[in-house]
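**Q** Take this structure first; my questions come after.
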Number of protein chains: 2
Amino acid sequence: MIDNNFKKKVVGVDIRIDRTALGVVNIRGEILARNEFVTTDYPNISEFVTKLAEAIVDMTEATGSFTEIRSVGISAPSGNFITGCIENSPNFPWKGIVPLAAMLRDRLGLAVAVDNNANVIAMAEHAFGAAHGMKDFILVNLGSGTGSCFFSNGHIHRGIHGFSGELGHTTFIQGGRPCGCGKQGCLEAYTAVKGVLQTAREVLAESDKPSLMRTDAELKVRMIVEFCKVGDELAIEVMRRTGVCLGMALAQYATLLNPEAIILSGVVSKAGKWLLEPANEALEAHVFHNMKDKVKLLISDYDDKEINVLGASVLAWGVKEYSLFI
Amino acid sequence: MIDNNFKKKVVGVDIRIDRTALGVVNIRGEILARNEFVTTDYPNISEFVTKLAEAIVDMTEATGSFTEIRSVGISAPSGNFITGCIENSPNFPWKGIVPLAAMLRDRLGLAVAVDNNANVIAMAEHAFGAAHGMKDFILVNLGSGTGSCFFSNGHIHRGIHGFSGELGHTTFIQGGRPCGCGKQGCLEAYTAVKGVLQTAREVLAESDKPSLMRTDAELKVRMIVEFCKVGDELAIEVMRRTGVCLGMALAQYATLLNPEAIILSGVVSKAGKWLLEPANEALEAHVFHNMKDKVKLLISDYDDKEINVLGASVLAWGVKEYSLFI
């Protein structure tokens with residue numbers, strides 16, 4: 001059967017706290033058109049969705065026609081695939097349960113799926129990246145939080161309520177650093193952006209050595225990564241400590257799930273070997289013996305700004321068109 | 001199509017360190033015949049397999065005919081489904097990699113599958129027990145070790161090398177009790193049989209209170225369970241501490257995987273509410289907030305001696321008959 005109605009493009013949307021990026025993407029993962037706007041300009045969710053629908057129509061008209069678009073995938077922190085909602089996000093101005101997929105579907109007349117950013121990044125890596133062809137792997141995203149996604153038998157594992165993968169909120173040190181979630185000692189407090197910055201403050205306080213991190217400007221993780229590259233000893237020490245914490249936690253994750261690989265993404269992962277080598281050493285030291293030297297620890301090659309749009313397009317291909325009528 | 005060659009029975013085998021039990025089982029999970037022999041009488045693996053084949057033929061002839069048997073499933077500690085081998089068991093007299101499935105298949109001319117005991121118990125619970133109809137659940141077996149099995153999207157997750165589920169060898173307390181695996185502070189050292197007995201010694205040493213555990217006989221977990229039932233304060237304290245350790249670890253597992261339920265099996269789980277209540281309290285205190293009050297913590301209803309034979313029969317139904325020719 002020749003299906004002349006087969007639609008060859010989807011839209012991927014990456015909603016972040018500060019800006020929302022979107023793209024028209026084909027089945028090969030090529031981003032054919034882009035658009036973006038400032039998320040914080042739309043503190044009212046209804047106005048945000050109207051703006052997003054307009055941005056999608058404008059972008060698609062620029063590269064062909066809106067009617068060529070099959071469906072829309074959205075990456076959003078606290079996005080839940082099962083409900084299509086953003087659920088109790090601590091950071092967005094839209095509070096409570098926001099039925100984003102349904103709202104955008106009603107504006108556009110297209111099937112829409114929503115998922116959290118770690119799941120979406122894992123889908124991109126599985127379709128086009130480091131995890132291509134893998135059946136069992138873990139993606140760990142080290143950004144403002146520490147999220148994760150796990151593929152089992154070639155399929156994403158979302159869990160019964162779609163909340164799976166909260167690696168950042170497993171307890172790493174009992175009674176350790178306070179975490180934004182209200183618990184203490186969560187892994188996120190050591191491996192996500194705020195945690196790395198706290199480690200930097202500790203390292204600077206412990207030592208008298210000179211360091212580029214001793215600056216009057218507000219220190220950012222991206223700066224620490226750059227300082228590692230020019231051999232700043234204390235910056236390297238910050239990433240070493242971060243890597244040790246991460247590797248110990250990943251050893252537990254791997255012992256439970258025996259994945260082929262663990263792929264790191266997000267701004268902290270951009271530290272490259274300065275994070276990877278201590279993390280791998282700690283992983284190998286703590287993983288169960290029959291998995292030693294068997295878990296590939298990798299860093300995503302993708303641009304941090306591009307991968308969510310790409311992954312959201314993979315999500316869009318997966319959503320069934322008949323979900324429009326549900 | 002009417003398939004007159006459809007075979008309506010399988011054999012389930014439960015190999016333990018001390019004794020090997022087997023049964024003829026129908027598709028409804030009814031055990032129609034049983035047999036058993038002493039494992040330790042056969043320190044030579046070839047003689048063991050010959051004895052096992054004889055025991056299967058004897059048992060099947062007693063209830064009909066050997067030709068009615070479709071396939072054989074085997075539950076064995078350190079059994080690996082992917083390779084069909086018992087791999088580097090610390091406890092069996094058969095060392096290294098033992099190709100058990102292939103050896104028995106060659107003796108019987110039937111398809112044979114092998115898996116570890118936690119996976120097999122989970123299959124029984126999924127087919128006939130507490131996990132029936134569940135897509136995402138975890139089974140934790142608290143016996144001589146602490147094993148686990150995880151179902152994702154309705155399918156067992158074995159991991160890339162079949163080693164998944166080593167919950168007992170995740171680090172529970174850094175630098176804690178030594179574990180048989182060579183690491184320190186593994187969960188197994190607190191929640192499996194030896195760990196519970198060590199906790200009992202600690203509890204007895206800390207207190208002057210009378211206790212039925214103060215006995216000249218060798219203390220067993222089964223005895224501690226009985227002492228709880230008659231209100232022995234220190235026995236109850238042993239199970240409370242065990243439950244707290246277990247619950248904290250299960251909170252991490254649930255935070256990672258968002259299961260519908262966690263089902264406990266094995267001799268330690270027979271402590272019932274004396275384990276379950278403190279475990280559930282610790283789980284709820286440590287699980288990520290959006291999963292609070294959402295993870296069902298259950299204890300298997302099955303007889304400890306029966307469930308492995310039943311689960312091995314489920315495994316047998318899953319093995320493809322053409323695996324004979326591979």
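Here, A, B, ... name the chains of the structure tokens in the order displayed, residue numbers run from 1 inside each chain, and ligands are numbered from 1 in the same displayed order.
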Residues of chain B within 6 Å of chain A, counting only C-alpha atoms, what are they? List them as JSON, numbers by chain.

**A** {"B": [159, 160, 163, 164, 165, 166, 167, 170, 252, 255, 256, 257, 258, 259, 260]}

**Q** Store the residues picked out above in a file with all heavy atoms, as a compact mmCIF listing (two decimals), in the first residue's frame.

**A**
# COMPACT_ATOMS: atom_id res chain seq x y z
N GLY B 159 18.89 -7.42 31.83
CA GLY B 159 20.15 -6.71 31.63
C GLY B 159 20.94 -7.32 30.49
O GLY B 159 20.65 -8.43 30.03
N ILE B 160 21.95 -6.58 30.05
CA ILE B 160 22.68 -6.95 28.83
C ILE B 160 23.40 -8.29 28.96
O ILE B 160 23.51 -9.05 28.00
CB ILE B 160 23.64 -5.81 28.40
CG1 ILE B 160 24.34 -6.11 27.08
CG2 ILE B 160 24.67 -5.51 29.48
CD1 ILE B 160 23.47 -5.91 25.89
N PHE B 163 22.74 -10.23 34.28
CA PHE B 163 23.18 -10.10 35.68
C PHE B 163 22.33 -9.11 36.47
O PHE B 163 22.69 -8.74 37.60
CB PHE B 163 24.63 -9.61 35.74
CG PHE B 163 25.64 -10.57 35.21
CD1 PHE B 163 26.74 -10.11 34.49
CD2 PHE B 163 25.53 -11.93 35.43
CE1 PHE B 163 27.70 -10.99 34.01
CE2 PHE B 163 26.47 -12.81 34.95
CZ PHE B 163 27.56 -12.35 34.24
N SER B 164 21.25 -8.63 35.90
CA SER B 164 20.45 -7.59 36.56
C SER B 164 19.92 -8.03 37.92
O SER B 164 19.76 -9.22 38.18
CB SER B 164 19.27 -7.27 35.65
OG SER B 164 18.60 -6.15 36.11
N GLY B 165 19.66 -7.05 38.79
CA GLY B 165 18.93 -7.31 40.02
C GLY B 165 19.76 -7.60 41.25
O GLY B 165 19.24 -8.05 42.26
N GLU B 166 21.05 -7.28 41.21
CA GLU B 166 21.92 -7.60 42.35
C GLU B 166 21.74 -6.59 43.48
O GLU B 166 22.71 -5.98 43.97
CB GLU B 166 23.38 -7.68 41.90
CG GLU B 166 23.69 -8.87 41.03
CD GLU B 166 23.72 -10.20 41.79
OE1 GLU B 166 23.50 -10.19 43.02
OE2 GLU B 166 23.95 -11.24 41.16
N LEU B 167 20.50 -6.44 43.93
CA LEU B 167 20.19 -5.51 45.01
C LEU B 167 21.06 -5.76 46.24
O LEU B 167 21.49 -4.82 46.91
CB LEU B 167 18.71 -5.66 45.39
CG LEU B 167 18.22 -4.86 46.59
CD1 LEU B 167 18.32 -3.37 46.33
CD2 LEU B 167 16.79 -5.23 46.95
N THR B 170 24.31 -3.81 46.26
CA THR B 170 24.42 -2.36 46.25
C THR B 170 24.94 -1.96 47.63
O THR B 170 24.69 -2.63 48.63
CB THR B 170 23.05 -1.68 46.00
OG1 THR B 170 22.11 -2.12 46.98
CG2 THR B 170 22.51 -2.04 44.63
N GLN B 252 15.26 3.83 47.52
CA GLN B 252 16.14 4.21 46.40
C GLN B 252 15.71 3.48 45.12
O GLN B 252 15.65 4.05 44.03
CB GLN B 252 17.61 3.86 46.70
CG GLN B 252 18.09 4.20 48.09
CD GLN B 252 17.83 5.63 48.48
OE1 GLN B 252 18.02 6.53 47.69
NE2 GLN B 252 17.38 5.84 49.70
N THR B 255 12.55 5.00 43.85
CA THR B 255 12.79 6.34 43.30
C THR B 255 13.37 6.23 41.89
O THR B 255 13.06 7.03 41.01
CB THR B 255 13.74 7.12 44.23
OG1 THR B 255 13.09 7.27 45.50
CG2 THR B 255 14.08 8.49 43.68
N LEU B 256 14.18 5.22 41.66
CA LEU B 256 14.75 5.02 40.32
C LEU B 256 13.74 4.47 39.33
O LEU B 256 13.78 4.81 38.15
CB LEU B 256 15.94 4.05 40.39
CG LEU B 256 17.23 4.58 41.01
CD1 LEU B 256 18.26 3.47 41.09
CD2 LEU B 256 17.78 5.75 40.19
N LEU B 257 12.82 3.60 39.79
CA LEU B 257 12.04 2.81 38.81
C LEU B 257 10.53 2.97 38.90
O LEU B 257 9.81 2.44 38.05
CB LEU B 257 12.43 1.33 38.93
CG LEU B 257 13.89 1.05 38.57
CD1 LEU B 257 14.24 -0.41 38.85
CD2 LEU B 257 14.18 1.38 37.12
N ASN B 258 10.02 3.67 39.93
CA ASN B 258 8.58 3.94 40.03
C ASN B 258 7.73 2.68 39.79
O ASN B 258 6.86 2.66 38.91
CB ASN B 258 8.20 5.05 39.03
CG ASN B 258 6.77 5.54 39.15
OD1 ASN B 258 6.21 6.05 38.20
ND2 ASN B 258 6.13 5.37 40.31
N PRO B 259 7.97 1.62 40.57
CA PRO B 259 7.19 0.40 40.37
C PRO B 259 5.80 0.51 41.00
O PRO B 259 5.59 1.33 41.90
CB PRO B 259 8.01 -0.66 41.11
CG PRO B 259 8.62 0.11 42.24
CD PRO B 259 8.93 1.49 41.67
N GLU B 260 4.88 -0.31 40.52
CA GLU B 260 3.55 -0.38 41.15
C GLU B 260 3.65 -1.03 42.52
O GLU B 260 2.97 -0.62 43.45
CB GLU B 260 2.61 -1.20 40.25
CG GLU B 260 1.22 -1.34 40.84
CD GLU B 260 0.23 -1.97 39.85
OE1 GLU B 260 0.60 -2.17 38.68
OE2 GLU B 260 -0.90 -2.26 40.28

**Q** Just list the residues in range 40-278 of chain A DSSP gives helix (DSSP H, G or I) on the backbone, as an MDAnalysis selection string.

**A** chainID A and resid 40:41 45:62 66:68 100:108 117:128 167:169 188:191 193:206 221:229 233:257 267:271 273:278

**Q** Using the chain letters and numbers from this document, which residues of range 95-216 of chain A does DSSP assign to strand (DSSP E), as an MDAnalysis selection string?

**A** chainID A and resid 97:98 111:115 137:142 146:152 155:157

**Q** Could those selected residues go to a file with N, CA, C and O atoms, as a compact mmCIF listing (two decimals), in the first residue's frame?

**A**
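For reference, result38.txt as written:
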# COMPACT_ATOMS: atom_id res chain seq x y z
N ILE A 97 -0.90 21.08 38.24
CA ILE A 97 -0.93 20.14 37.11
C ILE A 97 -1.35 20.91 35.87
O ILE A 97 -2.49 21.38 35.78
N VAL A 98 -0.45 21.05 34.90
CA VAL A 98 -0.72 21.82 33.69
C VAL A 98 -0.93 20.86 32.51
O VAL A 98 0.02 20.20 32.09
N ALA A 111 -1.73 15.70 17.11
CA ALA A 111 -1.39 14.89 18.27
C ALA A 111 -0.15 15.47 18.95
O ALA A 111 0.81 15.85 18.27
N VAL A 112 -0.18 15.55 20.28
CA VAL A 112 0.92 16.14 21.04
C VAL A 112 1.31 15.20 22.18
O VAL A 112 0.44 14.67 22.87
N ALA A 113 2.62 14.98 22.36
CA ALA A 113 3.11 14.22 23.51
C ALA A 113 4.07 15.07 24.32
O ALA A 113 4.80 15.90 23.76
N VAL A 114 4.08 14.85 25.63
CA VAL A 114 4.98 15.56 26.54
C VAL A 114 5.81 14.53 27.29
O VAL A 114 5.32 13.44 27.61
N ASP A 115 7.07 14.83 27.55
CA ASP A 115 7.88 13.96 28.41
C ASP A 115 8.93 14.81 29.10
O ASP A 115 9.16 15.96 28.72
N PHE A 137 20.14 0.51 28.43
CA PHE A 137 21.10 1.56 28.78
C PHE A 137 20.45 2.59 29.69
O PHE A 137 19.23 2.63 29.84
N ILE A 138 21.32 3.39 30.33
CA ILE A 138 20.86 4.45 31.23
C ILE A 138 21.41 5.78 30.72
O ILE A 138 22.57 5.85 30.33
N LEU A 139 20.58 6.79 30.70
CA LEU A 139 21.02 8.14 30.37
C LEU A 139 20.95 8.96 31.65
O LEU A 139 19.93 8.93 32.35
N VAL A 140 22.01 9.67 31.98
CA VAL A 140 22.02 10.52 33.16
C VAL A 140 22.27 11.95 32.72
O VAL A 140 23.30 12.24 32.09
N ASN A 141 21.32 12.83 33.00
CA ASN A 141 21.44 14.22 32.60
C ASN A 141 21.82 15.08 33.80
O ASN A 141 21.09 15.14 34.79
N LEU A 142 22.99 15.71 33.72
CA LEU A 142 23.52 16.51 34.82
C LEU A 142 23.36 17.98 34.49
O LEU A 142 24.23 18.58 33.86
N THR A 146 19.60 16.39 38.54
CA THR A 146 20.22 15.16 38.05
C THR A 146 19.09 14.20 37.72
O THR A 146 18.54 13.54 38.60
N GLY A 147 18.72 14.15 36.43
CA GLY A 147 17.66 13.25 36.00
C GLY A 147 18.25 12.03 35.33
O GLY A 147 19.43 12.00 35.00
N SER A 148 17.43 11.01 35.13
CA SER A 148 17.92 9.85 34.40
C SER A 148 16.79 9.16 33.68
O SER A 148 15.60 9.39 33.96
N CYS A 149 17.16 8.36 32.70
CA CYS A 149 16.20 7.57 31.95
C CYS A 149 16.80 6.20 31.71
O CYS A 149 18.00 6.07 31.50
N PHE A 150 15.97 5.17 31.75
CA PHE A 150 16.45 3.80 31.63
C PHE A 150 15.66 3.09 30.52
O PHE A 150 14.44 3.15 30.49
N PHE A 151 16.39 2.51 29.59
CA PHE A 151 15.77 1.68 28.54
C PHE A 151 15.93 0.21 28.92
O PHE A 151 17.05 -0.24 29.20
N SER A 152 14.83 -0.55 28.89
CA SER A 152 14.85 -1.99 29.18
C SER A 152 14.33 -2.72 27.96
O SER A 152 13.27 -2.38 27.42
N HIS A 155 13.01 -0.66 25.12
CA HIS A 155 11.90 0.28 25.34
C HIS A 155 12.17 1.16 26.55
O HIS A 155 12.72 0.70 27.55
N ILE A 156 11.69 2.40 26.48
CA ILE A 156 11.85 3.30 27.60
C ILE A 156 11.03 2.78 28.79
O ILE A 156 9.91 2.29 28.63
N HIS A 157 11.63 2.84 29.98
CA HIS A 157 10.91 2.45 31.18
C HIS A 157 10.42 3.72 31.87
O HIS A 157 11.23 4.50 32.36

**Q** Can you list, as JSON, numbers by chain, every protein, DNA or RNA residue that comes within 12 Å of range 198-209 of chain B when you count only C-alpha atoms, leaving out same-chain residues fewer than 6 positions away?

**A** {"B": [177, 178, 179, 188, 189, 190, 191, 192, 215, 218, 219, 220, 221, 223, 224, 225, 227, 232, 233, 234, 235, 236, 237, 238, 239, 240, 241, 242, 243, 245]}

**Q** Would you write out those residues with C-alpha atoms, as a PDB file, in the first residue's frame?

**A**
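Just written: out.pdb:
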ATOM      1  CA  ARG B 177      29.723  -4.834  57.460  1.00  0.00           C
ATOM      2  CA  PRO B 178      31.956  -7.026  55.300  1.00  0.00           C
ATOM      3  CA  CYS B 179      30.080  -8.947  52.594  1.00  0.00           C
ATOM      4  CA  GLU B 188      22.836  -8.268  51.791  1.00  0.00           C
ATOM      5  CA  ALA B 189      25.006  -8.040  54.919  1.00  0.00           C
ATOM      6  CA  TYR B 190      22.000  -6.454  56.690  1.00  0.00           C
ATOM      7  CA  THR B 191      18.955  -8.108  55.121  1.00  0.00           C
ATOM      8  CA  ALA B 192      19.813 -11.697  54.123  1.00  0.00           C
ATOM      9  CA  THR B 215      19.639 -20.308  73.310  1.00  0.00           C
ATOM     10  CA  GLU B 218      22.192 -22.652  66.641  1.00  0.00           C
ATOM     11  CA  LEU B 219      19.956 -19.626  66.044  1.00  0.00           C
ATOM     12  CA  LYS B 220      18.057 -19.640  62.703  1.00  0.00           C
ATOM     13  CA  VAL B 221      15.992 -16.944  61.019  1.00  0.00           C
ATOM     14  CA  MET B 223      13.316 -19.325  64.947  1.00  0.00           C
ATOM     15  CA  ILE B 224      13.514 -15.513  65.168  1.00  0.00           C
ATOM     16  CA  VAL B 225      10.308 -15.320  63.113  1.00  0.00           C
ATOM     17  CA  PHE B 227       9.863 -15.709  68.538  1.00  0.00           C
ATOM     18  CA  ASP B 232       9.784 -11.705  72.120  1.00  0.00           C
ATOM     19  CA  GLU B 233      10.878  -8.052  72.360  1.00  0.00           C
ATOM     20  CA  LEU B 234      14.440  -8.541  71.183  1.00  0.00           C
ATOM     21  CA  ALA B 235      13.400 -10.762  68.253  1.00  0.00           C
ATOM     22  CA  ILE B 236      10.969  -8.037  67.219  1.00  0.00           C
ATOM     23  CA  GLU B 237      13.815  -5.498  67.520  1.00  0.00           C
ATOM     24  CA  VAL B 238      15.977  -7.636  65.180  1.00  0.00           C
ATOM     25  CA  MET B 239      13.261  -7.622  62.542  1.00  0.00           C
ATOM     26  CA  ARG B 240      12.609  -3.908  63.082  1.00  0.00           C
ATOM     27  CA  ARG B 241      16.251  -3.054  62.351  1.00  0.00           C
ATOM     28  CA  THR B 242      16.235  -5.384  59.346  1.00  0.00           C
ATOM     29  CA  GLY B 243      13.078  -3.724  58.077  1.00  0.00           C
ATOM     30  CA  CYS B 245      17.599  -1.145  56.405  1.00  0.00           C
TER      31      CYS B 245
END

**Q** Could you check how far CA of Asp293 in chain B sits from CA of Leu250 in chain B, in Å to one decimal?

**A** 13.5 Å

**Q** With a distance cut-off of 8 Å and only C-alpha atoms, select the neighbouring residues of range 57-63 of chain B, excluding the residue or stretch itself and same-chain residues fewer than 3 positions from it, and output the selection as a compact mmCIF listing (two decimals) with N, CA, C and O atoms, in the first residue's frame.

**A**
# COMPACT_ATOMS: atom_id res chain seq x y z
N GLY B 23 8.90 -30.73 39.70
CA GLY B 23 7.47 -31.01 39.60
C GLY B 23 7.02 -31.00 38.15
O GLY B 23 7.62 -30.34 37.30
N VAL B 24 5.95 -31.78 37.87
CA VAL B 24 5.25 -31.67 36.59
C VAL B 24 4.15 -30.64 36.81
O VAL B 24 3.38 -30.74 37.77
N LEU B 32 1.35 -31.37 39.41
CA LEU B 32 0.67 -32.66 39.28
C LEU B 32 1.47 -33.81 39.85
O LEU B 32 0.93 -34.86 40.19
N ALA B 33 2.78 -33.63 39.92
CA ALA B 33 3.64 -34.67 40.47
C ALA B 33 4.89 -34.01 41.00
O ALA B 33 5.25 -32.91 40.57
N ARG B 34 5.54 -34.66 41.95
CA ARG B 34 6.74 -34.08 42.55
C ARG B 34 7.81 -35.14 42.70
O ARG B 34 7.52 -36.34 42.76
N ASN B 35 9.04 -34.68 42.81
CA ASN B 35 10.15 -35.57 43.09
C ASN B 35 11.23 -34.72 43.74
O ASN B 35 11.23 -33.49 43.60
N ALA B 53 18.04 -35.94 35.13
CA ALA B 53 17.30 -36.47 33.97
C ALA B 53 16.50 -37.71 34.39
O ALA B 53 15.32 -37.86 34.03
N GLU B 54 17.12 -38.58 35.17
CA GLU B 54 16.41 -39.78 35.66
C GLU B 54 15.21 -39.40 36.52
O GLU B 54 14.13 -39.97 36.40
N PHE B 66 6.28 -39.26 29.58
CA PHE B 66 7.35 -38.30 29.33
C PHE B 66 7.09 -37.52 28.04
O PHE B 66 7.44 -36.34 27.94
N ILE B 69 5.56 -33.93 27.93
CA ILE B 69 6.29 -32.77 28.48
C ILE B 69 6.83 -31.90 27.35
O ILE B 69 7.53 -32.37 26.46

**Q** Tell me which of A:Leu310, A:Ala131, A:Val193, A:Val267 sits closest to Leu297 in chain A, counting only C-alpha atoms.

**A** A:Ala131

**Q** By how many Å are CA of Gly247 in chain A and CA of Pro278 in chain A apart?

**A**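 One can read the CA of Gly247 in chain A to CA of Pro278 in chain A distance as 7.3 Å.
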
**Q** So the first atom is CA of His132 in chain A and the second is CA of Asn116 in chain A; what is the distance between them in Å, to one decimal place?

**A**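 So the two atoms, CA of His132 in chain A and CA of Asn116 in chain A, lie 20.0 Å apart.
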
**Q** Pick from A:Arg70, A:Lys229, A:Arg28, A:Lys51: nearest to Lys7 in chain A, with only C-alpha atoms counted?

**A**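 Under the stated criterion, the closest residue is A:Arg70.
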
**Q** Contacts of Ser300 in chain B at 8 Å or less, counting only C-alpha atoms, minus same-chain residues fewer than 4 places along, as an NGL selection string?

**A** :B and (125 or 129-130 or 263-265)
